[in-house]
>>> print(open('protein-v4.csv').read())   # CSV, C-alpha atoms
chain,number,residue,atom,x,y,z
Q,124,MET,CA,62.3,44.1,30.4
Q,125,GLY,CA,60.3,44.9,27.4
Q,126,GLY,CA,58.5,43.5,24.4
Q,127,GLY,CA,58.6,39.8,25.1
Q,128,SER,CA,62.2,39.2,24.1
Q,129,ALA,CA,64.9,37.8,26.3
Q,130,ALA,CA,67.2,40.1,28.3
Q,131,LYS,CA,70.3,38.3,26.9
Q,132,ASP,CA,69.4,39.7,23.4
Q,133,HIS,CA,69.6,43.3,24.5
Q,134,PRO,CA,72.7,44.2,26.5
Q,135,VAL,CA,73.3,47.3,24.3
Q,136,GLU,CA,69.8,48.6,24.9
Q,137,HIS,CA,70.3,48.3,28.7
Q,138,PHE,CA,73.7,50.2,28.6
Q,139,SER,CA,72.4,52.8,26.2
Q,140,ALA,CA,69.3,53.5,28.4
Q,141,SER,CA,71.4,53.7,31.5
Q,142,THR,CA,73.8,56.1,29.9
Q,143,LEU,CA,71.1,58.4,28.6
Q,144,ALA,CA,69.4,58.4,32.1
Q,145,ALA,CA,72.7,59.2,33.8
Q,146,ILE,CA,73.4,62.1,31.5
Q,147,LEU,CA,70.0,63.7,31.8
Q,148,ASN,CA,69.8,63.2,35.6
Q,149,TYR,CA,73.4,64.3,36.6
Q,150,PRO,CA,72.2,67.8,37.9
Q,151,LEU,CA,69.5,66.1,40.0
Q,152,TRP,CA,72.0,63.7,41.5
Q,153,ARG,CA,74.2,66.7,42.2
Q,154,ALA,CA,71.4,68.5,44.0
Q,155,SER,CA,70.6,65.4,46.0
Q,156,ALA,CA,74.2,64.9,47.0
Q,157,LEU,CA,74.4,68.5,48.3
Q,158,GLY,CA,71.2,68.2,50.3
Q,159,GLN,CA,71.9,64.8,51.9
Q,160,SER,CA,75.5,65.7,52.7
Q,161,GLY,CA,74.6,68.9,54.4
Q,162,PHE,CA,77.0,70.9,52.2
Q,163,ARG,CA,76.3,74.7,52.4
Q,164,VAL,CA,75.4,76.4,49.2
Q,165,LEU,CA,75.4,80.2,49.2
Q,166,ALA,CA,73.7,82.0,46.3
Q,167,SER,CA,72.6,85.6,46.9
Q,168,SER,CA,70.6,85.8,43.7
Q,169,VAL,CA,68.1,83.0,44.5
Q,170,PRO,CA,66.1,81.9,47.6
Q,171,PRO,CA,68.0,79.5,50.0
Q,172,SER,CA,65.6,76.7,49.1
Q,173,LEU,CA,66.5,76.9,45.5
Q,174,ALA,CA,70.3,77.5,46.0
Q,175,PRO,CA,71.2,73.8,45.8
Q,176,TYR,CA,69.4,73.4,42.5
Q,177,PHE,CA,70.9,76.6,41.1
Q,178,TYR,CA,74.4,75.4,42.0
Q,179,ALA,CA,73.7,71.8,40.7
Q,180,PHE,CA,72.7,73.1,37.3
Q,181,SER,CA,75.6,75.6,37.0
Q,182,PRO,CA,79.2,75.0,36.0
Q,183,PRO,CA,81.8,73.9,36.8
Q,184,TYR,CA,80.5,70.3,36.6
Q,185,LYS,CA,83.1,68.6,38.8
Q,186,GLY,CA,83.4,64.8,38.2
Q,187,LEU,CA,80.8,64.9,35.4
Q,188,GLY,CA,82.4,62.2,33.2
Q,189,ALA,CA,83.3,59.9,36.1
Q,190,THR,CA,79.9,60.2,37.7
Q,191,VAL,CA,78.0,59.5,34.4
Q,192,MET,CA,80.2,56.5,33.6
Q,193,GLY,CA,79.9,55.1,37.1
Q,194,MET,CA,76.1,55.5,37.1
Q,195,SER,CA,75.8,54.1,33.5
Q,196,TRP,CA,77.7,50.8,34.0
Q,197,ALA,CA,76.2,50.3,37.5
Q,198,ARG,CA,72.5,50.6,36.6
Q,199,ALA,CA,73.1,48.7,33.3
Q,200,ALA,CA,74.7,45.9,35.2
Q,201,ILE,CA,72.0,45.8,37.9
Q,202,PHE,CA,69.0,45.9,35.5
Q,203,TYR,CA,70.5,43.7,32.8
Q,204,GLY,CA,72.0,41.3,35.4
Q,205,SER,CA,68.6,41.1,37.3
Q,206,ASP,CA,66.6,40.5,34.1
Q,207,ARG,CA,69.1,37.9,32.8
Q,208,GLY,CA,69.5,36.3,36.2
Q,209,LYS,CA,65.7,35.9,36.6
Q,210,GLU,CA,65.5,34.2,33.2
Q,211,ILE,CA,68.2,31.7,34.2
Q,212,LEU,CA,66.6,31.0,37.6
Q,213,LEU,CA,63.2,30.5,36.2
Q,214,SER,CA,64.6,28.1,33.6
Q,215,MET,CA,66.1,26.1,36.5
Q,216,GLY,CA,62.6,25.8,38.1
Q,217,VAL,CA,63.1,28.5,40.8
Q,218,SER,CA,59.8,30.2,41.8
Q,219,ASN,CA,59.1,33.7,40.7
Q,220,LEU,CA,59.7,35.7,44.0
Q,221,PRO,CA,63.3,34.4,44.7
Q,222,ALA,CA,64.0,34.5,40.9
Q,223,THR,CA,63.0,38.2,41.0
Q,224,LEU,CA,64.9,39.2,44.2
Q,225,ILE,CA,68.1,37.1,44.2
Q,226,PRO,CA,69.7,38.5,41.1
Q,227,PRO,CA,69.5,42.2,42.1
Q,228,LEU,CA,70.6,41.3,45.6
Q,229,ILE,CA,73.8,39.7,44.3
Q,230,VAL,CA,74.5,42.1,41.4
Q,231,SER,CA,73.8,45.4,43.3
Q,232,THR,CA,76.0,44.3,46.2
Q,233,GLY,CA,78.9,43.6,43.8
Q,234,VAL,CA,78.3,46.8,41.9
Q,235,GLN,CA,78.3,48.9,45.1
Q,236,CYS,CA,81.6,47.4,46.3
Q,237,VAL,CA,83.3,48.0,42.9
Q,238,ASN,CA,81.9,51.5,42.6
Q,239,MET,CA,82.4,52.7,46.1
Q,240,PRO,CA,85.7,54.7,45.7
Q,241,LEU,CA,84.2,56.5,42.7
Q,242,VAL,CA,80.9,57.2,44.6
Q,243,ARG,CA,82.8,58.6,47.6
Q,244,ALA,CA,85.1,60.7,45.5
Q,245,THR,CA,82.4,62.2,43.3
Q,246,ILE,CA,80.2,63.1,46.3
Q,247,LEU,CA,83.0,64.8,48.2
Q,248,LEU,CA,83.8,66.7,45.0
Q,249,GLN,CA,80.4,68.4,45.0
Q,250,ASN,CA,81.1,70.4,48.2
Q,251,PRO,CA,81.0,74.1,47.1
Q,252,GLU,CA,83.7,74.9,49.8
Q,253,SER,CA,86.1,72.3,48.4
Q,254,ASN,CA,89.0,73.4,46.2
Q,255,VAL,CA,89.6,69.8,44.9
Q,256,PRO,CA,89.6,70.2,41.1
Q,257,ASN,CA,88.8,66.8,39.8
Q,258,ILE,CA,88.0,63.1,40.5
Q,259,ARG,CA,91.7,62.0,40.4
Q,260,GLU,CA,92.7,64.5,43.0
Q,261,SER,CA,89.7,63.6,45.1
Q,262,LEU,CA,90.7,59.9,45.1
Q,263,ARG,CA,94.3,60.9,45.8
Q,264,GLN,CA,93.3,63.0,48.9
Q,265,ILE,CA,91.1,60.3,50.3
Q,266,TYR,CA,93.9,57.7,49.9
Q,267,LYS,CA,96.5,60.1,51.4
Q,268,ALA,CA,94.3,60.9,54.4
Q,269,ASN,CA,92.8,57.5,55.1
Q,270,GLY,CA,94.7,54.8,53.2
Q,271,ILE,CA,93.3,52.3,50.8
Q,272,GLY,CA,90.5,51.4,53.2
Q,273,GLY,CA,89.3,55.0,53.1
Q,274,LEU,CA,88.3,54.5,49.5
Q,275,TRP,CA,85.7,52.0,50.6
Q,276,HIS,CA,84.6,53.8,53.7
Q,277,GLY,CA,80.8,53.9,53.8
Q,278,THR,CA,80.4,50.6,51.9
Q,279,SER,CA,78.2,49.2,54.6
Q,280,ALA,CA,75.7,52.0,54.5
Q,281,GLY,CA,76.0,52.0,50.7
Q,282,ILE,CA,75.0,48.4,50.5
Q,283,LEU,CA,72.2,48.8,53.0
Q,284,LYS,CA,70.9,51.7,50.8
Q,285,THR,CA,71.6,50.3,47.3
Q,286,VAL,CA,70.5,46.7,47.6
Q,287,PRO,CA,67.0,47.4,49.1
Q,288,LYS,CA,66.5,50.2,46.6
Q,289,TYR,CA,67.1,48.1,43.5
Q,290,CYS,CA,65.4,45.0,44.9
Q,291,THR,CA,62.3,47.1,45.7
Q,292,ALA,CA,62.4,48.8,42.3
Q,293,ILE,CA,62.8,45.6,40.4
Q,294,PHE,CA,60.1,43.8,42.4
Q,295,VAL,CA,57.7,46.7,41.8
Q,296,LYS,CA,58.6,46.8,38.1
Q,297,ASP,CA,58.0,43.1,37.7
Q,298,TYR,CA,54.8,43.2,39.7
Q,299,MET,CA,53.4,46.1,37.6
Q,300,GLU,CA,54.3,44.2,34.4
Q,301,ARG,CA,52.0,41.4,35.6
Q,302,ALA,CA,49.3,43.6,37.2
Q,303,LEU,CA,48.8,45.9,34.3
Q,304,PRO,CA,46.3,44.7,31.6
Q,305,ALA,CA,48.0,43.2,28.6
Q,306,VAL,CA,48.4,45.3,25.5
Q,307,ASP,CA,46.3,44.1,22.6
Q,308,PRO,CA,48.7,43.1,19.8
Q,309,SER,CA,46.1,43.9,17.2
Q,310,SER,CA,45.5,47.4,18.4
Q,311,PRO,CA,46.6,50.2,16.0
Q,312,THR,CA,47.9,52.0,19.1
Q,313,ARG,CA,49.8,49.1,20.6
Q,314,ASP,CA,53.2,50.8,20.4
Q,315,ARG,CA,51.9,53.8,22.3
Q,316,ASP,CA,50.1,51.6,24.7
Q,317,LYS,CA,53.3,49.7,25.5
Q,318,LEU,CA,55.1,52.9,26.2
Q,319,VAL,CA,52.3,54.1,28.5
Q,320,HIS,CA,52.5,50.8,30.4
Q,321,SER,CA,56.2,51.2,30.7
Q,322,ALA,CA,55.9,54.7,32.0
Q,323,ILE,CA,53.4,53.6,34.7
Q,324,LYS,CA,55.5,50.7,35.9
Q,325,SER,CA,58.8,52.8,35.7
Q,326,SER,CA,57.3,55.6,37.8
Q,327,ALA,CA,56.0,53.2,40.5
Q,328,ALA,CA,59.4,51.4,40.6
Q,329,GLY,CA,61.4,54.6,40.9
Q,330,VAL,CA,59.3,56.2,43.6
Q,331,ALA,CA,59.2,53.0,45.7
Q,332,GLY,CA,62.9,52.5,45.6
Q,333,ALA,CA,63.7,56.2,46.4
Q,334,ALA,CA,61.3,56.6,49.4
Q,335,LEU,CA,62.6,53.5,51.1
Q,336,THR,CA,66.3,54.3,51.1
Q,337,ASN,CA,66.6,58.1,51.8
Q,338,PRO,CA,67.8,57.6,55.5
Q,339,LEU,CA,70.6,55.3,54.4
Q,340,ASP,CA,71.7,57.8,51.8
Q,341,VAL,CA,71.9,60.5,54.5
Q,342,ILE,CA,74.0,58.1,56.8
Q,343,ARG,CA,76.3,57.1,53.9
Q,344,ASN,CA,77.0,60.7,52.9
Q,345,GLU,CA,77.6,61.7,56.6
Q,346,MET,CA,80.2,58.8,56.7
Q,347,PHE,CA,81.8,60.2,53.6
Q,348,LYS,CA,81.9,63.8,54.9
Q,349,THR,CA,83.1,63.0,58.5
Q,350,ASN,CA,84.9,59.7,58.1
Q,351,LEU,CA,82.9,58.3,61.0
Q,352,GLY,CA,81.9,54.7,61.2
Q,353,LEU,CA,78.3,53.6,60.6
Q,354,PHE,CA,77.0,53.8,64.2
Q,355,ASP,CA,79.0,56.9,65.1
Q,356,ALA,CA,77.6,58.6,62.0
Q,357,ILE,CA,74.0,57.7,63.0
Q,358,ARG,CA,74.7,59.0,66.6
Q,359,SER,CA,76.2,62.2,65.2
Q,360,LEU,CA,73.2,62.9,63.0
Q,361,HIS,CA,70.8,62.2,65.8
Q,362,ASN,CA,72.6,64.5,68.2
Q,363,GLU,CA,72.6,67.3,65.6
Q,364,LEU,CA,69.1,66.9,64.0
Q,365,GLY,CA,67.2,64.4,66.1
Q,366,TYR,CA,65.1,61.9,64.1
Q,367,SER,CA,64.5,64.5,61.4
Q,368,PHE,CA,67.8,63.4,59.9
Q,369,LEU,CA,65.9,60.5,58.5
Q,370,SER,CA,64.1,62.9,56.1
Q,371,ARG,CA,67.1,65.3,55.3
Q,372,GLY,CA,67.2,65.9,51.6
Q,373,MET,CA,64.1,63.7,51.1
Q,374,SER,CA,62.4,65.9,48.5
Q,375,LYS,CA,65.6,66.2,46.4
Q,376,ASN,CA,66.3,62.4,46.8
Q,377,LEU,CA,62.8,61.5,45.6
Q,378,VAL,CA,63.6,63.5,42.4
Q,379,ALA,CA,67.2,62.5,42.1
Q,380,VAL,CA,66.7,58.8,42.7
Q,381,SER,CA,63.2,58.0,41.4
Q,382,ILE,CA,63.7,59.8,38.1
Q,383,PRO,CA,67.0,58.0,37.1
Q,384,VAL,CA,65.7,54.6,38.1
Q,385,ALA,CA,62.3,55.2,36.3
Q,386,SER,CA,64.0,56.7,33.2
Q,387,THR,CA,66.4,53.8,33.0
Q,388,ILE,CA,63.6,51.3,33.0
Q,389,PHE,CA,61.5,53.4,30.6
Q,390,PHE,CA,64.4,54.1,28.1
Q,391,THR,CA,65.3,50.4,28.2
Q,392,ASP,CA,61.8,49.3,27.3
Q,393,ALA,CA,61.6,52.0,24.6
Q,394,PHE,CA,65.0,51.0,23.0
Q,395,ILE,CA,64.1,47.3,23.1
Q,396,GLN,CA,60.7,48.1,21.6
Q,397,PHE,CA,62.4,50.1,18.8
Q,398,SER,CA,64.9,47.3,18.2
Q,399,ASN,CA,62.2,44.6,18.1
Q,400,SER,CA,60.1,46.7,15.7
Q,401,ARG,CA,63.1,47.0,13.3
Q,402,GLU,CA,63.5,43.2,13.4
Q,403,GLY,CA,59.8,42.5,13.0
Q,404,ILE,CA,59.3,41.1,16.5
Q,405,GLU,CA,56.0,41.8,18.3
>>> encode(input="protein-v4.csv", output="structure tokens")
Amino acid sequence: MGGGSAAKDHPVEHFSASTLAAILNYPLWRASALGQSGFRVLASSVPPSLAPYFYAFSPPYKGLGATVMGMSWARAAIFYGSDRGKEILLSMGVSNLPATLIPPLIVSTGVQCVNMPLVRATILLQNPESNVPNIRESLRQIYKANGIGGLWHGTSAGILKTVPKYCTAIFVKDYMERALPAVDPSSPTRDRDKLVHSAIKSSAAGVAGAALTNPLDVIRNEMFKTNLGLFDAIRSLHNELGYSFLSRGMSKNLVAVSIPVASTIFFTDAFIQFSNSREGIE
């Protein structure tokens, strides 16, 4: 990701960056989950448009620990696995495009399948009208109502949303790395210039991934909320909102998805740059 050193040398930096991004962006994720799920938020002290944000930043923070840990290992696995997978494929003579796209395709699919029960439980936990107190009880109620399969309900929409998002983000990140002018290693501002480059590519990658996948976020959350299948959920949304369901929660999602993805990439580059500077690596 950063600095010219191999991804295999920096698993700690990847996980640390992902954890920091998850902690900082938890309230934004919460606001996005509220908006895309159509949960009602009532707050008499603020305008209705600001109520989801007011609620998202206010305690109690249900599922905070589980949400942060789930996001942390998931993004770390996807970005580290994608960078490391690309290195391996390139060393085997695979061309750049498939070497860029195949690793996130495989890793993000696996991560989504493993993480799905946690994702569903944490999203349902954010409903202001729910009296479920914690993640354990949320998982228990899903299992009690729908069996073991209910924990993975919505996996199809989750994969359709997660895989393109990360493939797009990683493709844009790698493209921007090649397209941006190289930093002059002899420049007295080279450390700052590297961080500026990282901020540009991170922002582009985050926005591209978020804008592409908002409709699938809406469908997945509707499946969680109603327990409908994929096509029934789409039909229900269309009957209720028409095609405007495709943009439901878009503004919140652009913030809640683009910022975590962008900050994960940026923090990883910054941590790797700091690590390399301590070891005397340019």
>>> residues_around(input="protein-v4.csv", residues="Asn350 of chain Q", least_positions_apart="6", cutoff="9 Å", atoms="only C-alpha atoms", output="ChimeraX atom specification")
/Q:269,273,276-277,356
>>> closest_residue(input="protein-v4.csv", among="Q:Ser155, Q:Tyr289, Q:Tyr184, Q:Asp355", to="Ala200 of chain Q", atoms="only C-alpha atoms")
Q:Tyr289
>>> atom_distance(input="protein-v4.csv", atom1="atom CA of Ile388 of chain Q", atom2="atom CA of Gly188 of chain Q")
21.7 Å
>>> residues_around(input="protein-v4.csv", residues="segment 303-316 of chain Q", least_positions_apart="4", cutoff="10 Å", atoms="all atoms listed in the file", output="ChimeraX atom specification")
/Q:126,298-299,320-324,393,396-397,400,405
>>> atom_distance(input="protein-v4.csv", atom1="atom CA of Val191 of chain Q", atom2="atom CA of Ala385 of chain Q")
16.4 Å
>>> axis_aligned_box(input="protein-v4.csv", around="segment 212-231 of chain Q", padding_each_side="5 Å", output="JSON")
{"center_x": 66.8, "center_y": 35.6, "center_z": 39.6, "size_x": 25.4, "size_y": 29.6, "size_z": 22.0}
>>> closest_residue(input="protein-v4.csv", among="Q:Ala199, Q:Ala222, Q:Leu283, Q:Met373", to="Cys236 of chain Q", atoms="all atoms listed in the file")
Q:Leu283
>>> atom_distance(input="protein-v4.csv", atom1="atom CA of Pro287 of chain Q", atom2="atom CA of Pro383 of chain Q")
16.0 Å
>>> residues_around(input="protein-v4.csv", residues="Gly193 of chain Q", least_positions_apart="3", cutoff="12 Å", atoms="all atoms listed in the file", output="list in words")
Phe138, Ser141, Thr142, Ala145, Ile146, Tyr149, Gly186, Leu187, Gly188, Ala189, Thr190, Trp196, Ala197, Arg198, Ala199, Ala200, Val234, Gln235, Val237, Asn238, Met239, Pro240, Leu241, Val242, Arg243, Ala244, Thr245 and Ile258 of chain Q
>>> closest_residue(input="protein-v4.csv", among="Q:Lys209, Q:Arg401, Q:Lys288, Q:Arg343", to="Val380 of chain Q", atoms="only C-alpha atoms")
Q:Lys288
>>> closest_residue(input="protein-v4.csv", among="Q:Met346, Q:Ala302, Q:Met192, Q:Ala333", to="Arg358 of chain Q", atoms="only C-alpha atoms")
Q:Met346
>>> residues_near_point(input="protein-v4.csv", point="(68.7, 59.9, 54.2)", cutoff="8 Å", atoms="all atoms listed in the file", output="list in words")
Gln159, Thr336, Asn337, Pro338, Leu339, Asp340, Val341, Ile342, Phe368, Leu369, Ser370, Arg371, Gly372 and Met373 of chain Q
>>> residues_near_point(input="protein-v4.csv", point="(56.2, 54.5, 39.1)", cutoff="10 Å", atoms="all atoms listed in the file", output="list in words")
Ala292, Val295, Lys296, Met299, Ser321, Ala322, Ile323, Lys324, Ser325, Ser326, Ala327, Ala328, Gly329, Val330, Ala331, Gly332, Ser381, Ile382, Val384 and Ala385 of chain Q
>>> write_last_selection(input="protein-v4.csv", atoms="C-alpha atoms", output="PDB file, in the coordinates of the input")
ATOM      1  CA  ALA Q 292      62.400  48.800  42.300  1.00  0.00           C
ATOM      2  CA  VAL Q 295      57.700  46.700  41.800  1.00  0.00           C
ATOM      3  CA  LYS Q 296      58.600  46.800  38.100  1.00  0.00           C
ATOM      4  CA  MET Q 299      53.400  46.100  37.600  1.00  0.00           C
ATOM      5  CA  SER Q 321      56.200  51.200  30.700  1.00  0.00           C
ATOM      6  CA  ALA Q 322      55.900  54.700  32.000  1.00  0.00           C
ATOM      7  CA  ILE Q 323      53.400  53.600  34.700  1.00  0.00           C
ATOM      8  CA  LYS Q 324      55.500  50.700  35.900  1.00  0.00           C
ATOM      9  CA  SER Q 325      58.800  52.800  35.700  1.00  0.00           C
ATOM     10  CA  SER Q 326      57.300  55.600  37.800  1.00  0.00           C
ATOM     11  CA  ALA Q 327      56.000  53.200  40.500  1.00  0.00           C
ATOM     12  CA  ALA Q 328      59.400  51.400  40.600  1.00  0.00           C
ATOM     13  CA  GLY Q 329      61.400  54.600  40.900  1.00  0.00           C
ATOM     14  CA  VAL Q 330      59.300  56.200  43.600  1.00  0.00           C
ATOM     15  CA  ALA Q 331      59.200  53.000  45.700  1.00  0.00           C
ATOM     16  CA  GLY Q 332      62.900  52.500  45.600  1.00  0.00           C
ATOM     17  CA  SER Q 381      63.200  58.000  41.400  1.00  0.00           C
ATOM     18  CA  ILE Q 382      63.700  59.800  38.100  1.00  0.00           C
ATOM     19  CA  VAL Q 384      65.700  54.600  38.100  1.00  0.00           C
ATOM     20  CA  ALA Q 385      62.300  55.200  36.300  1.00  0.00           C
TER      21      ALA Q 385
END
>>> closest_residue(input="protein-v4.csv", among="Q:Leu220, Q:Leu364, Q:Leu353, Q:Ala334", to="Asp297 of chain Q", atoms="only C-alpha atoms")
Q:Leu220
>>> closest_residue(input="protein-v4.csv", among="Q:Ser218, Q:Glu345, Q:Ser253, Q:Ala174", to="Glu363 of chain Q", atoms="all atoms listed in the file")
Q:Glu345
>>> residues_around(input="protein-v4.csv", residues="Ala179 of chain Q", least_positions_apart="4", cutoff="10 Å", atoms="all atoms listed in the file", output="list of chain:residue names")
Q:Tyr149, Q:Pro150, Q:Leu151, Q:Trp152, Q:Arg153, Q:Ala154, Q:Ser155, Q:Ala156, Q:Leu157, Q:Val164, Q:Ala174, Q:Pro175, Q:Pro183, Q:Tyr184, Q:Gln249, Q:Pro251
>>> decode(input="protein-v4.csv", residues="segment 129-138 of chain Q", atoms="all heavy atoms", output="mmCIF file, in the first residue's frame")
data_model
loop_
_atom_site.group_PDB
_atom_site.id
_atom_site.type_symbol
_atom_site.label_atom_id
_atom_site.label_comp_id
_atom_site.auth_asym_id
_atom_site.auth_seq_id
_atom_site.Cartn_x
_atom_site.Cartn_y
_atom_site.Cartn_z
ATOM 1 N N ALA Q 129 6.818 -4.274 0.915
ATOM 2 C CA ALA Q 129 5.830 -5.300 0.612
ATOM 3 C C ALA Q 129 4.741 -5.345 1.674
ATOM 4 O O ALA Q 129 4.981 -5.096 2.850
ATOM 5 C CB ALA Q 129 6.523 -6.653 0.500
ATOM 6 N N ALA Q 130 3.532 -5.725 1.243
ATOM 7 C CA ALA Q 130 2.405 -5.814 2.167
ATOM 8 C C ALA Q 130 2.667 -6.840 3.254
ATOM 9 O O ALA Q 130 2.251 -6.660 4.405
ATOM 10 C CB ALA Q 130 1.134 -6.176 1.399
ATOM 11 N N LYS Q 131 3.386 -7.926 2.915
ATOM 12 C CA LYS Q 131 3.631 -8.990 3.891
ATOM 13 C C LYS Q 131 4.428 -8.495 5.095
ATOM 14 O O LYS Q 131 4.391 -9.118 6.162
ATOM 15 C CB LYS Q 131 4.361 -10.156 3.230
ATOM 16 C CG LYS Q 131 5.793 -9.855 2.793
ATOM 17 C CD LYS Q 131 6.415 -11.054 2.114
ATOM 18 C CE LYS Q 131 7.820 -10.734 1.593
ATOM 19 N NZ LYS Q 131 8.766 -10.411 2.668
ATOM 20 N N ASP Q 132 5.112 -7.365 4.945
ATOM 21 C CA ASP Q 132 5.909 -6.819 6.046
ATOM 22 C C ASP Q 132 5.083 -5.959 7.001
ATOM 23 O O ASP Q 132 5.608 -5.528 8.029
ATOM 24 C CB ASP Q 132 7.056 -5.954 5.483
ATOM 25 C CG ASP Q 132 8.017 -6.753 4.609
ATOM 26 O OD1 ASP Q 132 8.237 -7.938 4.913
ATOM 27 O OD2 ASP Q 132 8.527 -6.184 3.618
ATOM 28 N N HIS Q 133 3.792 -5.736 6.696
ATOM 29 C CA HIS Q 133 3.036 -4.755 7.478
ATOM 30 C C HIS Q 133 1.627 -5.212 7.870
ATOM 31 O O HIS Q 133 0.681 -4.425 7.763
ATOM 32 C CB HIS Q 133 2.949 -3.448 6.692
ATOM 33 C CG HIS Q 133 4.276 -2.827 6.411
ATOM 34 N ND1 HIS Q 133 5.038 -2.212 7.379
ATOM 35 C CD2 HIS Q 133 4.993 -2.748 5.250
ATOM 36 C CE1 HIS Q 133 6.162 -1.770 6.837
ATOM 37 N NE2 HIS Q 133 6.159 -2.079 5.559
ATOM 38 N N PRO Q 134 1.450 -6.426 8.349
ATOM 39 C CA PRO Q 134 0.090 -6.816 8.793
ATOM 40 C C PRO Q 134 -0.395 -6.003 9.990
ATOM 41 O O PRO Q 134 -1.586 -5.700 10.098
ATOM 42 C CB PRO Q 134 0.250 -8.301 9.142
ATOM 43 C CG PRO Q 134 1.707 -8.469 9.444
ATOM 44 C CD PRO Q 134 2.410 -7.522 8.524
ATOM 45 N N VAL Q 135 0.517 -5.643 10.898
ATOM 46 C CA VAL Q 135 0.118 -4.882 12.085
ATOM 47 C C VAL Q 135 -0.386 -3.498 11.684
ATOM 48 O O VAL Q 135 -1.389 -3.005 12.223
ATOM 49 C CB VAL Q 135 1.295 -4.764 13.075
ATOM 50 C CG1 VAL Q 135 0.934 -3.831 14.233
ATOM 51 C CG2 VAL Q 135 1.672 -6.140 13.621
ATOM 52 N N GLU Q 136 0.290 -2.871 10.733
ATOM 53 C CA GLU Q 136 -0.134 -1.545 10.282
ATOM 54 C C GLU Q 136 -1.518 -1.600 9.636
ATOM 55 O O GLU Q 136 -2.346 -0.697 9.841
ATOM 56 C CB GLU Q 136 0.881 -0.980 9.287
ATOM 57 C CG GLU Q 136 2.176 -0.504 9.920
ATOM 58 C CD GLU Q 136 3.189 -1.612 10.173
ATOM 59 O OE1 GLU Q 136 2.845 -2.798 9.944
ATOM 60 O OE2 GLU Q 136 4.305 -1.306 10.596
ATOM 61 N N HIS Q 137 -1.783 -2.662 8.867
ATOM 62 C CA HIS Q 137 -3.100 -2.805 8.255
ATOM 63 C C HIS Q 137 -4.187 -2.934 9.323
ATOM 64 O O HIS Q 137 -5.228 -2.267 9.241
ATOM 65 C CB HIS Q 137 -3.131 -4.031 7.329
ATOM 66 C CG HIS Q 137 -2.558 -3.802 5.976
ATOM 67 N ND1 HIS Q 137 -1.210 -3.802 5.718
ATOM 68 C CD2 HIS Q 137 -3.156 -3.556 4.778
ATOM 69 C CE1 HIS Q 137 -0.989 -3.578 4.432
ATOM 70 N NE2 HIS Q 137 -2.155 -3.424 3.838
ATOM 71 N N PHE Q 138 -3.974 -3.786 10.323
ATOM 72 C CA PHE Q 138 -5.002 -3.986 11.336
ATOM 73 C C PHE Q 138 -5.158 -2.743 12.210
ATOM 74 O O PHE Q 138 -6.290 -2.363 12.568
ATOM 75 C CB PHE Q 138 -4.671 -5.198 12.211
ATOM 76 C CG PHE Q 138 -5.749 -5.512 13.219
ATOM 77 C CD1 PHE Q 138 -6.930 -6.129 12.813
ATOM 78 C CD2 PHE Q 138 -5.603 -5.170 14.550
ATOM 79 C CE1 PHE Q 138 -7.937 -6.406 13.725
ATOM 80 C CE2 PHE Q 138 -6.602 -5.445 15.475
ATOM 81 C CZ PHE Q 138 -7.769 -6.066 15.058
#
